[in-house]
file coords-v3.pdb (PDB, C-alpha atoms)
ATOM      1  CA  MET A  90      27.291   8.907 -47.324
ATOM      2  CA  ASP A  91      24.911   6.155 -46.371
ATOM      3  CA  THR A  92      21.355   5.522 -45.405
ATOM      4  CA  VAL A  93      20.003   3.397 -42.609
ATOM      5  CA  THR A  94      18.524   0.232 -43.990
ATOM      6  CA  GLY A  95      16.958  -2.905 -42.595
ATOM      7  CA  SER A  96      13.548  -4.317 -41.738
ATOM      8  CA  GLY A  97      13.174  -2.506 -38.407
ATOM      9  CA  PRO A  98      14.073   0.897 -37.021
ATOM     10  CA  HIS A  99      17.716   1.748 -36.514
ATOM     11  CA  ARG A 100      18.562   1.167 -32.846
ATOM     12  CA  VAL A 101      20.393   3.963 -31.024
ATOM     13  CA  VAL A 102      21.756   2.975 -27.610
ATOM     14  CA  VAL A 103      22.710   5.840 -25.290
ATOM     15  CA  LEU A 104      25.342   4.954 -22.689
ATOM     16  CA  ALA A 105      24.508   6.679 -19.390
ATOM     17  CA  LEU A 106      27.526   7.079 -17.097
ATOM     18  CA  ASP A 107      27.610   8.350 -13.520
ATOM     19  CA  GLY A 108      27.913  12.129 -13.402
ATOM     20  CA  LEU A 109      26.093  12.519 -16.715
ATOM     21  CA  LEU A 110      24.490  15.781 -17.788
ATOM     22  CA  PRO A 111      20.693  15.242 -18.025
ATOM     23  CA  PHE A 112      20.396  17.688 -20.922
ATOM     24  CA  GLU A 113      22.910  15.765 -23.010
ATOM     25  CA  LEU A 114      21.323  12.423 -22.091
ATOM     26  CA  GLY A 115      18.050  13.715 -23.536
ATOM     27  CA  ILE A 116      19.465  14.965 -26.844
ATOM     28  CA  PRO A 117      19.574  11.598 -28.687
ATOM     29  CA  HIS A 118      16.089  10.720 -27.430
ATOM     30  CA  ARG A 119      14.677  14.033 -28.625
ATOM     31  CA  VAL A 120      16.364  14.028 -32.042
ATOM     32  CA  PHE A 121      16.178  10.344 -32.987
ATOM     33  CA  GLY A 122      12.804   9.846 -31.342
ATOM     34  CA  ARG A 123      11.031  12.108 -33.834
ATOM     35  CA  PRO A 124      11.779  10.925 -37.441
ATOM     36  CA  GLN A 125       9.171   8.789 -39.196
ATOM     37  CA  ASP A 126       8.852   7.332 -42.672
ATOM     38  CA  ALA A 127       6.029   8.185 -45.086
ATOM     39  CA  ALA A 128       3.787   5.602 -43.410
ATOM     40  CA  GLY A 129       4.304   7.123 -39.963
ATOM     41  CA  ARG A 130       6.615   4.364 -38.714
ATOM     42  CA  PRO A 131       9.548   5.408 -36.506
ATOM     43  CA  LEU A 132      12.890   5.389 -38.258
ATOM     44  CA  TYR A 133      14.842   4.961 -35.023
ATOM     45  CA  GLU A 134      14.451   3.180 -31.712
ATOM     46  CA  VAL A 135      16.279   4.864 -28.821
ATOM     47  CA  VAL A 136      17.148   2.986 -25.628
ATOM     48  CA  THR A 137      19.394   3.830 -22.672
ATOM     49  CA  CYS A 138      21.802   1.587 -20.808
ATOM     50  CA  SER A 139      24.406   1.851 -18.083
ATOM     51  CA  VAL A 140      27.586  -0.092 -17.353
ATOM     52  CA  ARG A 141      25.770  -1.908 -14.524
ATOM     53  CA  PRO A 142      22.516  -3.867 -14.194
ATOM     54  CA  PRO A 143      19.305  -1.782 -14.417
ATOM     55  CA  GLY A 144      19.032   0.831 -11.689
ATOM     56  CA  PRO A 145      19.844   4.433 -10.763
ATOM     57  CA  VAL A 146      22.614   6.428 -12.408
ATOM     58  CA  GLU A 147      23.818   9.619 -10.731
ATOM     59  CA  THR A 148      23.723  12.893 -12.667
ATOM     60  CA  ASP A 149      25.490  16.211 -12.148
ATOM     61  CA  ALA A 150      22.149  17.598 -10.909
ATOM     62  CA  ASP A 151      20.384  16.907  -7.616
ATOM     63  CA  PHE A 152      18.630  13.793  -8.903
ATOM     64  CA  ALA A 153      19.441  10.386 -10.319
ATOM     65  CA  VAL A 154      17.845   8.720 -13.350
ATOM     66  CA  HIS A 155      16.611   5.140 -13.505
ATOM     67  CA  VAL A 156      18.216   3.335 -16.435
ATOM     68  CA  PRO A 157      16.263   0.226 -17.456
ATOM     69  CA  ASN A 158      18.993  -1.644 -19.335
ATOM     70  CA  GLY A 159      22.392  -3.107 -18.508
ATOM     71  CA  PRO A 160      25.468  -3.043 -20.795
ATOM     72  CA  GLU A 161      24.513  -6.208 -22.684
ATOM     73  CA  ILE A 162      22.038  -4.177 -24.757
ATOM     74  CA  LEU A 163      25.022  -2.475 -26.426
ATOM     75  CA  ALA A 164      25.344  -5.665 -28.484
ATOM     76  CA  THR A 165      22.038  -4.796 -30.210
ATOM     77  CA  ALA A 166      23.027  -1.231 -31.155
ATOM     78  CA  ASP A 167      23.334   0.127 -34.678
ATOM     79  CA  THR A 168      24.583   3.409 -33.200
ATOM     80  CA  VAL A 169      26.026   4.039 -29.728
ATOM     81  CA  VAL A 170      25.986   7.580 -28.312
ATOM     82  CA  VAL A 171      28.153   8.514 -25.310
ATOM     83  CA  PRO A 172      27.063  11.803 -23.663
ATOM     84  CA  ALA A 173      29.369  13.785 -21.376
ATOM     85  CA  SER A 174      29.948  12.858 -17.752
ATOM     86  CA  TYR A 175      31.663  14.676 -14.894
ATOM     87  CA  GLU A 176      32.669  11.463 -13.129
ATOM     88  CA  LEU A 177      34.789   9.587 -15.642
ATOM     89  CA  GLY A 178      37.517   8.944 -13.057
ATOM     90  CA  PRO A 179      40.550   7.194 -14.597
ATOM     91  CA  VAL A 180      39.177   7.840 -18.090
ATOM     92  CA  PHE A 181      39.359  11.593 -17.576
ATOM     93  CA  GLU A 182      42.418  11.644 -15.327
ATOM     94  CA  GLU A 183      44.648   9.011 -16.933
ATOM     95  CA  GLY A 184      43.068   8.213 -20.298
ATOM     96  CA  VAL A 185      42.337   4.586 -19.396
ATOM     97  CA  LEU A 186      39.061   2.686 -19.099
ATOM     98  CA  THR A 187      37.819   1.238 -15.843
ATOM     99  CA  GLY A 188      37.265  -2.507 -15.889
ATOM    100  CA  GLU A 189      33.519  -1.936 -15.709
ATOM    101  CA  LEU A 190      33.495   0.415 -18.673
ATOM    102  CA  ALA A 191      35.842  -1.755 -20.739
ATOM    103  CA  ALA A 192      33.565  -4.751 -20.156
ATOM    104  CA  ALA A 193      30.544  -2.715 -21.264
ATOM    105  CA  LEU A 194      32.215  -1.492 -24.464
ATOM    106  CA  ALA A 195      33.236  -5.061 -25.299
ATOM    107  CA  HIS A 196      29.568  -5.761 -26.055
ATOM    108  CA  ILE A 197      29.620  -3.363 -29.034
ATOM    109  CA  ARG A 198      29.643  -5.196 -32.357
ATOM    110  CA  PRO A 199      32.273  -4.366 -35.014
ATOM    111  CA  GLY A 200      30.895  -1.862 -37.513
ATOM    112  CA  THR A 201      28.572  -0.174 -35.025
ATOM    113  CA  ARG A 202      28.455   3.597 -35.498
ATOM    114  CA  LEU A 203      29.876   5.449 -32.481
ATOM    115  CA  ALA A 204      29.219   9.041 -31.455
ATOM    116  CA  SER A 205      30.189  11.215 -28.489
ATOM    117  CA  ILE A 206      28.871  14.477 -27.091
ATOM    118  CA  CYS A 207      31.378  16.856 -25.472
ATOM    119  CA  THR A 208      33.667  15.005 -23.005
ATOM    120  CA  GLY A 209      32.047  11.699 -23.877
ATOM    121  CA  VAL A 210      34.883  11.659 -26.418
ATOM    122  CA  TYR A 211      37.242  10.602 -23.609
ATOM    123  CA  VAL A 212      35.469   7.245 -23.473
ATOM    124  CA  LEU A 213      35.924   6.661 -27.202
ATOM    125  CA  ALA A 214      39.558   7.795 -27.006
ATOM    126  CA  ALA A 215      40.406   5.611 -24.003
ATOM    127  CA  GLY A 216      38.748   2.691 -25.792
ATOM    128  CA  GLY A 217      41.102   3.122 -28.763
ATOM    129  CA  TYR A 218      38.368   4.010 -31.243
ATOM    130  CA  LEU A 219      39.961   7.341 -32.210
ATOM    131  CA  ASP A 220      43.651   6.462 -32.675
ATOM    132  CA  GLY A 221      44.943   8.172 -35.809
ATOM    133  CA  ARG A 222      41.575   9.798 -36.482
ATOM    134  CA  PRO A 223      40.182  13.342 -36.271
ATOM    135  CA  ALA A 224      38.010  14.264 -33.291
ATOM    136  CA  THR A 225      36.666  17.265 -31.429
ATOM    137  CA  THR A 226      35.402  18.148 -27.978
ATOM    138  CA  HIS A 227      34.512  21.318 -26.070
ATOM    139  CA  TRP A 228      36.986  24.069 -26.979
ATOM    140  CA  ALA A 229      37.895  24.637 -23.310
ATOM    141  CA  ASP A 230      38.999  21.004 -22.961
ATOM    142  CA  ALA A 231      40.612  20.464 -26.363
ATOM    143  CA  GLY A 232      44.177  21.251 -25.282
ATOM    144  CA  ARG A 233      44.101  18.826 -22.367
ATOM    145  CA  PHE A 234      42.456  16.170 -24.517
ATOM    146  CA  GLN A 235      45.152  16.516 -27.187
ATOM    147  CA  ARG A 236      47.955  16.206 -24.630
ATOM    148  CA  MET A 237      46.386  13.102 -23.124
ATOM    149  CA  PHE A 238      45.758  11.456 -26.509
ATOM    150  CA  PRO A 239      48.529  12.663 -28.877
ATOM    151  CA  ARG A 240      47.643  10.081 -31.543
ATOM    152  CA  ILE A 241      44.277  11.756 -32.126
ATOM    153  CA  ARG A 242      44.016  14.716 -34.525
ATOM    154  CA  VAL A 243      42.052  17.178 -32.387
ATOM    155  CA  ASP A 244      40.197  20.039 -34.094
ATOM    156  CA  ALA A 245      38.839  22.512 -31.558
ATOM    157  CA  GLY A 246      37.382  24.826 -34.180
ATOM    158  CA  VAL A 247      34.393  22.773 -35.343
ATOM    159  CA  LEU A 248      30.996  21.880 -33.906
ATOM    160  CA  PHE A 249      31.317  18.208 -34.817
ATOM    161  CA  ILE A 250      33.392  15.810 -36.894
ATOM    162  CA  ASP A 251      31.998  13.001 -39.029
ATOM    163  CA  ASP A 252      34.696  10.406 -39.673
ATOM    164  CA  GLY A 253      32.381   7.783 -41.061
ATOM    165  CA  ASP A 254      31.711   5.220 -38.366
ATOM    166  CA  VAL A 255      32.940   7.461 -35.523
ATOM    167  CA  LEU A 256      31.533  10.945 -34.904
ATOM    168  CA  THR A 257      32.420  13.440 -32.171
ATOM    169  CA  SER A 258      30.919  16.776 -31.149
ATOM    170  CA  ALA A 259      31.755  19.831 -29.119
ATOM    171  CA  GLY A 260      29.875  20.802 -25.966
ATOM    172  CA  VAL A 261      26.181  20.458 -25.145
ATOM    173  CA  ALA A 262      24.229  22.128 -27.995
ATOM    174  CA  ALA A 263      26.739  20.789 -30.523
ATOM    175  CA  GLY A 264      25.323  17.396 -29.588
ATOM    176  CA  ILE A 265      22.069  18.521 -31.195
ATOM    177  CA  ASP A 266      23.997  19.553 -34.317
ATOM    178  CA  LEU A 267      25.677  16.143 -34.419
ATOM    179  CA  CYS A 268      22.480  14.127 -33.975
ATOM    180  CA  LEU A 269      20.663  16.190 -36.611
ATOM    181  CA  HIS A 270      23.625  15.599 -38.921
ATOM    182  CA  MET A 271      23.309  11.844 -38.431
ATOM    183  CA  VAL A 272      19.593  12.006 -39.254
ATOM    184  CA  ARG A 273      20.455  14.090 -42.329
ATOM    185  CA  ARG A 274      23.117  11.578 -43.347
ATOM    186  CA  ASP A 275      20.771   8.647 -42.821
ATOM    187  CA  HIS A 276      17.532   9.993 -44.284
ATOM    188  CA  GLY A 277      18.203  13.302 -45.992
ATOM    189  CA  THR A 278      17.737  16.998 -45.422
ATOM    190  CA  ALA A 279      13.932  17.030 -45.437
ATOM    191  CA  VAL A 280      13.659  14.567 -42.542
ATOM    192  CA  ALA A 281      16.361  16.340 -40.507
ATOM    193  CA  ASN A 282      14.786  19.738 -41.160
ATOM    194  CA  GLU A 283      11.422  18.502 -39.923
ATOM    195  CA  VAL A 284      13.040  17.325 -36.675
ATOM    196  CA  ALA A 285      14.777  20.694 -36.304
ATOM    197  CA  ARG A 286      11.521  22.576 -36.866
ATOM    198  CA  ARG A 287       9.801  20.521 -34.186
ATOM    199  CA  MET A 288      12.648  21.282 -31.785
ATOM    200  CA  VAL A 289      12.709  24.974 -32.802
ATOM    201  CA  VAL A 290      16.454  24.843 -33.534
ATOM    202  CA  PRO A 291      18.410  25.618 -36.705
ATOM    203  CA  PRO A 292      18.741  22.546 -38.948
ATOM    204  CA  HIS A 293      22.357  23.505 -39.607
ATOM    205  CA  ARG A 294      24.514  26.048 -37.780
ATOM    206  CA  ASP A 295      27.182  27.961 -39.652
ATOM    207  CA  GLY A 296      30.784  28.080 -38.570
ATOM    208  CA  GLY A 297      32.403  26.327 -35.655
ATOM    209  CA  GLN A 298      33.389  26.745 -32.027
ATOM    210  CA  ALA A 299      35.478  29.833 -32.763
ATOM    211  CA  GLN A 300      32.353  31.962 -32.487
ATOM    212  CA  PHE A 301      31.753  30.756 -28.907
ATOM    213  CA  ILE A 302      35.241  31.142 -27.479
ATOM    214  CA  GLU A 303      35.393  33.927 -24.926
ATOM    215  CA  ARG A 304      36.785  37.193 -26.278
ATOM    216  CA  PRO A 305      36.813  40.799 -25.088
ATOM    217  CA  VAL A 306      33.372  42.401 -25.336
ATOM    218  CA  PRO A 307      33.145  44.241 -28.681
ATOM    219  CA  ASP A 308      32.324  47.890 -29.063
ATOM    220  CA  PRO A 309      28.507  48.136 -29.006
ATOM    221  CA  GLN A 310      28.693  50.288 -32.120
ATOM    222  CA  GLN A 311      30.618  47.590 -33.974
ATOM    223  CA  ALA A 312      28.719  46.291 -36.989
ATOM    224  CA  THR A 313      28.165  42.592 -37.681
ATOM    225  CA  THR A 314      27.941  40.663 -40.935
ATOM    226  CA  THR A 315      24.307  39.578 -40.527
ATOM    227  CA  THR A 316      22.956  41.848 -43.246
ATOM    228  CA  ALA A 317      25.551  40.661 -45.733
ATOM    229  CA  ARG A 318      24.738  37.029 -45.063
ATOM    230  CA  ALA A 319      21.019  37.601 -45.528
ATOM    231  CA  TRP A 320      21.748  39.527 -48.735
ATOM    232  CA  ALA A 321      23.918  36.674 -50.057
ATOM    233  CA  LEU A 322      21.364  33.976 -49.211
ATOM    234  CA  GLY A 323      18.860  35.734 -51.463
ATOM    235  CA  ARG A 324      21.332  35.704 -54.355
ATOM    236  CA  LEU A 325      22.966  32.285 -54.257
ATOM    237  CA  HIS A 326      21.969  31.735 -57.875
ATOM    238  CA  GLU A 327      24.064  34.739 -58.921
ATOM    239  CA  PRO A 328      27.821  35.372 -58.829
ATOM    240  CA  ILE A 329      28.588  36.962 -55.450
ATOM    241  CA  GLN A 330      31.613  39.193 -55.093
ATOM    242  CA  LEU A 331      33.343  39.716 -51.763
ATOM    243  CA  ARG A 332      33.358  43.478 -52.285
ATOM    244  CA  GLU A 333      29.570  43.400 -52.751
ATOM    245  CA  MET A 334      29.109  41.594 -49.443
ATOM    246  CA  ALA A 335      31.435  44.048 -47.708
ATOM    247  CA  ALA A 336      29.464  46.947 -49.177
ATOM    248  CA  GLN A 337      26.282  45.672 -47.477
ATOM    249  CA  GLU A 338      27.975  46.399 -44.133
ATOM    250  CA  SER A 339      29.804  49.536 -45.324
ATOM    251  CA  MET A 340      33.152  47.898 -44.552
ATOM    252  CA  SER A 341      36.384  47.476 -46.424
ATOM    253  CA  VAL A 342      36.948  44.009 -47.864
ATOM    254  CA  ARG A 343      39.762  43.413 -45.378
ATOM    255  CA  THR A 344      37.707  44.426 -42.329
ATOM    256  CA  PHE A 345      34.664  42.518 -43.534
ATOM    257  CA  THR A 346      36.667  39.329 -44.141
ATOM    258  CA  ARG A 347      38.206  39.480 -40.673
ATOM    259  CA  ARG A 348      34.872  40.239 -38.983
ATOM    260  CA  PHE A 349      33.086  37.504 -40.956
ATOM    261  CA  ARG A 350      35.588  34.848 -39.929
ATOM    262  CA  GLU A 351      35.378  35.955 -36.288
ATOM    263  CA  GLU A 352      31.578  35.680 -36.289
ATOM    264  CA  VAL A 353      30.991  32.656 -38.494
ATOM    265  CA  GLY A 354      34.178  30.629 -38.137
ATOM    266  CA  VAL A 355      34.923  30.299 -41.867
ATOM    267  CA  SER A 356      35.768  32.676 -44.707
ATOM    268  CA  PRO A 357      32.988  34.310 -46.756
ATOM    269  CA  GLY A 358      33.891  32.147 -49.745
ATOM    270  CA  GLN A 359      33.708  28.941 -47.721
ATOM    271  CA  TRP A 360      30.397  30.000 -46.214
ATOM    272  CA  ILE A 361      28.865  30.739 -49.622
ATOM    273  CA  THR A 362      29.952  27.326 -50.891
ATOM    274  CA  GLN A 363      28.410  25.670 -47.813
ATOM    275  CA  GLN A 364      25.107  27.452 -48.411
ATOM    276  CA  ARG A 365      25.107  26.463 -52.089
ATOM    277  CA  VAL A 366      25.740  22.842 -51.203
ATOM    278  CA  GLU A 367      22.833  22.925 -48.723
ATOM    279  CA  ARG A 368      20.575  24.510 -51.362
ATOM    280  CA  ALA A 369      21.602  21.841 -53.863
ATOM    281  CA  ARG A 370      20.845  19.067 -51.388
ATOM    282  CA  HIS A 371      17.380  20.467 -50.790
ATOM    283  CA  LEU A 372      16.588  20.789 -54.498
ATOM    284  CA  LEU A 373      17.945  17.350 -55.351
ATOM    285  CA  GLU A 374      15.792  15.790 -52.645
ATOM    286  CA  SER A 375      12.590  17.737 -53.066
ATOM    287  CA  THR A 376      12.292  18.606 -56.787
ATOM    288  CA  GLY A 377      12.532  16.948 -60.165
ATOM    289  CA  LEU A 378      14.750  19.690 -61.576
ATOM    290  CA  SER A 379      17.565  18.483 -63.806
ATOM    291  CA  VAL A 380      21.077  18.441 -62.370
ATOM    292  CA  ASP A 381      21.997  21.256 -64.770
ATOM    293  CA  GLN A 382      19.099  23.397 -63.523
ATOM    294  CA  VAL A 383      19.917  22.701 -59.875
ATOM    295  CA  ALA A 384      23.509  23.748 -60.530
ATOM    296  CA  ARG A 385      22.334  27.033 -62.061
ATOM    297  CA  ASP A 386      19.783  27.725 -59.317
ATOM    298  CA  CYS A 387      22.428  27.198 -56.626
ATOM    299  CA  GLY A 388      25.050  29.393 -58.265
ATOM    300  CA  PHE A 389      27.462  26.636 -59.268
ATOM    301  CA  GLY A 390      27.038  27.540 -62.920
ATOM    302  CA  THR A 391      27.616  24.087 -64.396
ATOM    303  CA  ALA A 392      26.760  20.548 -63.418
ATOM    304  CA  GLN A 393      30.473  19.711 -63.419
ATOM    305  CA  SER A 394      31.209  22.452 -60.891
ATOM    306  CA  MET A 395      28.376  21.300 -58.629
ATOM    307  CA  ARG A 396      29.531  17.703 -58.966
ATOM    308  CA  GLN A 397      33.002  18.659 -57.756
ATOM    309  CA  HIS A 398      31.665  20.595 -54.769
ATOM    310  CA  LEU A 399      29.217  17.874 -53.685
ATOM    311  CA  GLN A 400      31.878  15.231 -54.102
ATOM    312  CA  ALA A 401      34.214  17.257 -51.874
ATOM    313  CA  ALA A 402      31.560  18.055 -49.253
ATOM    314  CA  LEU A 403      29.475  14.861 -49.220
ATOM    315  CA  GLY A 404      31.535  12.204 -50.976
ATOM    316  CA  VAL A 405      28.905  11.523 -53.655
ATOM    317  CA  THR A 406      27.788  12.863 -57.020
ATOM    318  CA  PRO A 407      24.516  14.831 -57.392
ATOM    319  CA  THR A 408      22.901  11.908 -59.217
ATOM    320  CA  ALA A 409      23.886   9.425 -56.519
ATOM    321  CA  TYR A 410      22.712  11.792 -53.785
ATOM    322  CA  ARG A 411      19.312  12.235 -55.426
ATOM    323  CA  ARG A 412      18.897   8.502 -56.019
ATOM    324  CA  THR A 413      19.675   7.745 -52.367
ATOM    325  CA  PHE A 414      17.611  10.394 -50.627
ATOM    326  CA  ARG A 415      14.621  10.740 -52.899
ATOM    327  CA  ALA A 416      14.208   6.969 -52.506
ATOM    328  CA  ALA A 417      14.539   7.357 -48.733
ATOM    329  CA  VAL A 418      11.805  10.001 -48.659
ATOM    330  CA  ARG A 419       9.425   7.749 -50.636
ATOM    331  CA  THR A 420      10.036   4.708 -48.392
TER     332      THR A 420
END
call {"tool": "encode", "arguments": {"input": "coords-v3.pdb", "output": "C-alpha cells"}}
result
Amino acid sequence: MDTVTGSGPHRVVVLALDGLLPFELGIPHRVFGRPQDAAGRPLYEVVTCSVRPPGPVETDADFAVHVPNGPEILATADTVVVPASYELGPVFEEGVLTGELAAALAHIRPGTRLASICTGVYVLAAGGYLDGRPATTHWADAGRFQRMFPRIRVDAGVLFIDDGDVLTSAGVAAGIDLCLHMVRRDHGTAVANEVARRMVVPPHRDGGQAQFIERPVPDPQQATTTTARAWALGRLHEPIQLREMAAQESMSVRTFTRRFREEVGVSPGQWITQQRVERARHLLESTGLSVDQVARDCGFGTAQSMRQHLQAALGVTPTAYRRTFRAAVRT
C-alpha cells in the first residue's frame, strides 16, 4: 500500500491507440480528474498521448479523436493507462509489439505504475511487463490471452488485479473499478468514495467476472441472495452464521452457498470478510475510534484478528493504514 506523494499532482498518461474504445479512453479522465485535496487542489493531472506526433487517432466508432501529445510525454508519467483497442495488429495476433509501439513504450521511466483496461493488457504483455506475474482481461478473451502468453498467470474470475506497480482489469466497466481502486490505494476510501458518488457508480463491486459470464436464463421464480446480503451488512459487528444467512432466503445452506457464489463470485464467508475489511478501512480513516473498538464494530472481535485480516487484504497493519490515510485526508 502506498500513497501518491510529491510537490505536484500525480501525472496519469493515457495511451490512445488506433481502434480505441472512446468509453474506455474517457474512464481515466473521469475518475482521476475528480479527486482534490482539502484545499481544493487536484490530486492528479491526466493527459493523453498517442504513439505518433499530435493528431487524429481512429476509434471503433464513426469518429476520430484529436490527441494533443506524442509518445515522448510518456517519460513524464507517474502512471500509464492503456485502454483497449480493436486494432492492435501484431500485438493481438502474434503477441509482439510494432516498432512504433515499442519506441513509444521505451519512453516510460523505470518504476512508473502501469495499468491496462480490458485488451489493453496485450500491450503490457507484449512489452514483457507481465512475465511471471498475475493478470486479467475480459473473460471472453482470457483463454486466448493465456495461450498466447503462457508465462503470465491469467485469472479470468476477477474484475481487476493489483500486482503493485502493474495493474490489469477486465472489460469496460471493470476499468472504472480499477481506476477507483488506484485512487483508493493512493488517497484512501473517503476520496475514492466521493469520486464514485459523483459518477453514480458503486465505490466497490463485490465478486468477480463469474457473475457476468453468460449462463442459461434462470427460472424467474428462482430466489437470489440479495436479502441475505443486506441482512448481513446490518450485522457486521455480530457473529454471522451461514445458516442464518440461508434462512433469510428460505434456502438450505448447500443451495444458498452455491447460489451465493454464482451471484457474487466468492463464498459467503469470503464476502463477509471483504465487507468487514471495507468497514474497518472506513472507520480507521474517518473516526478516532481505538483499534480495539474498530475491530469490535466490524465484527473481527479482537485487534489481533483485524490486524491479520488487514495484513492479508491490504499488506499493512491497522495502525499503519490509519497513519497513512488519515494524514492523506488532512493534506
call {"tool": "atom_distance", "arguments": {"input": "coords-v3.pdb", "atom1": "CA of Cys138 (chain A)", "atom2": "CA of Leu106 (chain A)"}}
result
8.8 Å
call {"tool": "atom_distance", "arguments": {"input": "coords-v3.pdb", "atom1": "CA of Pro407 (chain A)", "atom2": "CA of Val383 (chain A)"}}
result
9.4 Å
call {"tool": "atom_distance", "arguments": {"input": "coords-v3.pdb", "atom1": "CA of Pro111 (chain A)", "atom2": "CA of Met288 (chain A)"}}
result
17.0 Å
call {"tool": "closest_residue", "arguments": {"input": "coords-v3.pdb", "among": "A:Gln397, A:Asn158, A:Thr413, A:Thr225", "to": "Asp252 (chain A)", "atoms": "only C-alpha atoms"}}
result
A:Thr225
call {"tool": "resolve_selection", "arguments": {"input": "coords-v3.pdb", "expression": "the PyMOL selection byres ((chain A and resi 222) around 6)", "output": "list of chain:residue names"}}
result
A:Leu219, A:Asp220, A:Gly221, A:Pro223, A:Ile241, A:Arg242
call {"tool": "resolve_selection", "arguments": {"input": "coords-v3.pdb", "expression": "the PyMOL selection byres ((chain A and resi 163) around 7)", "output": "JSON, numbers by chain"}}
result
{"A": [102, 160, 161, 162, 164, 165, 166, 196, 197]}
call {"tool": "closest_residue", "arguments": {"input": "coords-v3.pdb", "among": "A:Val353, A:Leu267, A:Ala128, A:Val169", "to": "Ala285 (chain A)", "atoms": "all atoms listed in the file"}}
result
A:Leu267
call {"tool": "closest_residue", "arguments": {"input": "coords-v3.pdb", "among": "A:Val180, A:Val243, A:Arg350, A:Gly200", "to": "Ala215 (chain A)", "atoms": "only C-alpha atoms"}}
result
A:Val180
call {"tool": "closest_residue", "arguments": {"input": "coords-v3.pdb", "among": "A:Leu248, A:Gly388, A:Val103, A:His276", "to": "Thr362 (chain A)", "atoms": "all atoms listed in the file"}}
result
A:Gly388
call {"tool": "resolve_selection", "arguments": {"input": "coords-v3.pdb", "expression": "the PyMOL selection byres ((chain A and resi 176) around 9)", "output": "list of chain:residue names"}}
result
A:Leu106, A:Asp107, A:Gly108, A:Leu109, A:Asp149, A:Ser174, A:Tyr175, A:Leu177, A:Gly178, A:Val180, A:Phe181
call {"tool": "residues_around", "arguments": {"input": "coords-v3.pdb", "residues": "Leu213 (chain A)", "least_positions_apart": "6", "cutoff": "10 Å", "atoms": "only C-alpha atoms", "output": "list in words"}}
result
Val171, Val180, Leu186, Leu194, Leu203, Ala204, Ser205, Leu219, Asp220, Ala224, Val255, Leu256 and Thr257 of chain A
call {"tool": "closest_residue", "arguments": {"input": "coords-v3.pdb", "among": "A:Arg287, A:Pro117, A:Thr406, A:Cys207", "to": "Ile250 (chain A)", "atoms": "only C-alpha atoms"}}
result
A:Cys207
call {"tool": "residues_around", "arguments": {"input": "coords-v3.pdb", "residues": "Glu113 (chain A)", "least_positions_apart": "5", "cutoff": "9 Å", "atoms": "all atoms listed in the file", "output": "PyMOL selection string"}}
result
chain A and resi 172-173+206-207+261-262+264-265
call {"tool": "residues_around", "arguments": {"input": "coords-v3.pdb", "residues": "Val284 (chain A)", "least_positions_apart": "4", "cutoff": "8 Å", "atoms": "all atoms listed in the file", "output": "NGL selection string"}}
result
:A and (120 or 123-124 or 269 or 280 or 288)
call {"tool": "residues_around", "arguments": {"input": "coords-v3.pdb", "residues": "Glu183 (chain A)", "least_positions_apart": "4", "cutoff": "12 Å", "atoms": "all atoms listed in the file", "output": "ChimeraX atom specification"}}
result
/A:177-179,187,211-212,214-215,233-234,236-238
call {"tool": "residues_near_point", "arguments": {"input": "coords-v3.pdb", "point": "(14.6, 5.1, -36.0)", "cutoff": "8 Å", "atoms": "only C-alpha atoms", "output": "MDAnalysis selection string"}}
result
chainID A and resid 98:101 121:122 124:125 131:135
call {"tool": "closest_residue", "arguments": {"input": "coords-v3.pdb", "among": "A:Arg412, A:Arg273, A:Arg318, A:His155", "to": "Pro142 (chain A)", "atoms": "only C-alpha atoms"}}
result
A:His155
call {"tool": "axis_aligned_box", "arguments": {"input": "coords-v3.pdb", "around": "region 272-285 of chain A", "padding_each_side": "8 Å", "output": "lines of an AutoDock Vina configuration file"}}
result
center_x = 17.3
center_y = 14.7
center_z = -41.1
size_x = 27.7
size_y = 28.0
size_z = 25.7
call {"tool": "decode", "arguments": {"input": "coords-v3.pdb", "residues": "region 130-139 of chain A", "atoms": "N, CA and C atoms", "output": "tab-separated table (two decimals), in the first residue's frame"}}
result
chain	number	residue	atom	x	y	z
A	130	ARG	N	-7.12	21.50	-4.38
A	130	ARG	CA	-6.14	21.33	-5.46
A	130	ARG	C	-6.27	19.93	-6.05
A	131	PRO	N	-6.15	19.79	-7.37
A	131	PRO	CA	-6.28	18.46	-7.98
A	131	PRO	C	-5.17	17.53	-7.54
A	132	LEU	N	-5.53	16.30	-7.27
A	132	LEU	CA	-4.55	15.31	-6.84
A	132	LEU	C	-3.89	14.62	-8.03
A	133	TYR	N	-4.53	14.69	-9.19
A	133	TYR	CA	-3.98	14.07	-10.39
A	133	TYR	C	-4.04	15.05	-11.56
A	134	GLU	N	-3.14	14.85	-12.51
A	134	GLU	CA	-3.20	15.52	-13.79
A	134	GLU	C	-3.29	14.42	-14.85
A	135	VAL	N	-4.29	14.48	-15.71
A	135	VAL	CA	-4.50	13.44	-16.71
A	135	VAL	C	-4.26	14.01	-18.10
A	136	VAL	N	-3.37	13.37	-18.85
A	136	VAL	CA	-3.08	13.79	-20.22
A	136	VAL	C	-3.13	12.56	-21.13
A	137	THR	N	-3.35	12.79	-22.41
A	137	THR	CA	-3.47	11.71	-23.38
A	137	THR	C	-2.38	11.83	-24.42
A	138	CYS	N	-1.84	10.69	-24.85
A	138	CYS	CA	-0.84	10.71	-25.91
A	138	CYS	C	-1.10	9.57	-26.87
A	139	SER	N	-0.47	9.64	-28.03
A	139	SER	CA	-0.53	8.54	-28.98
A	139	SER	C	0.90	8.09	-29.27
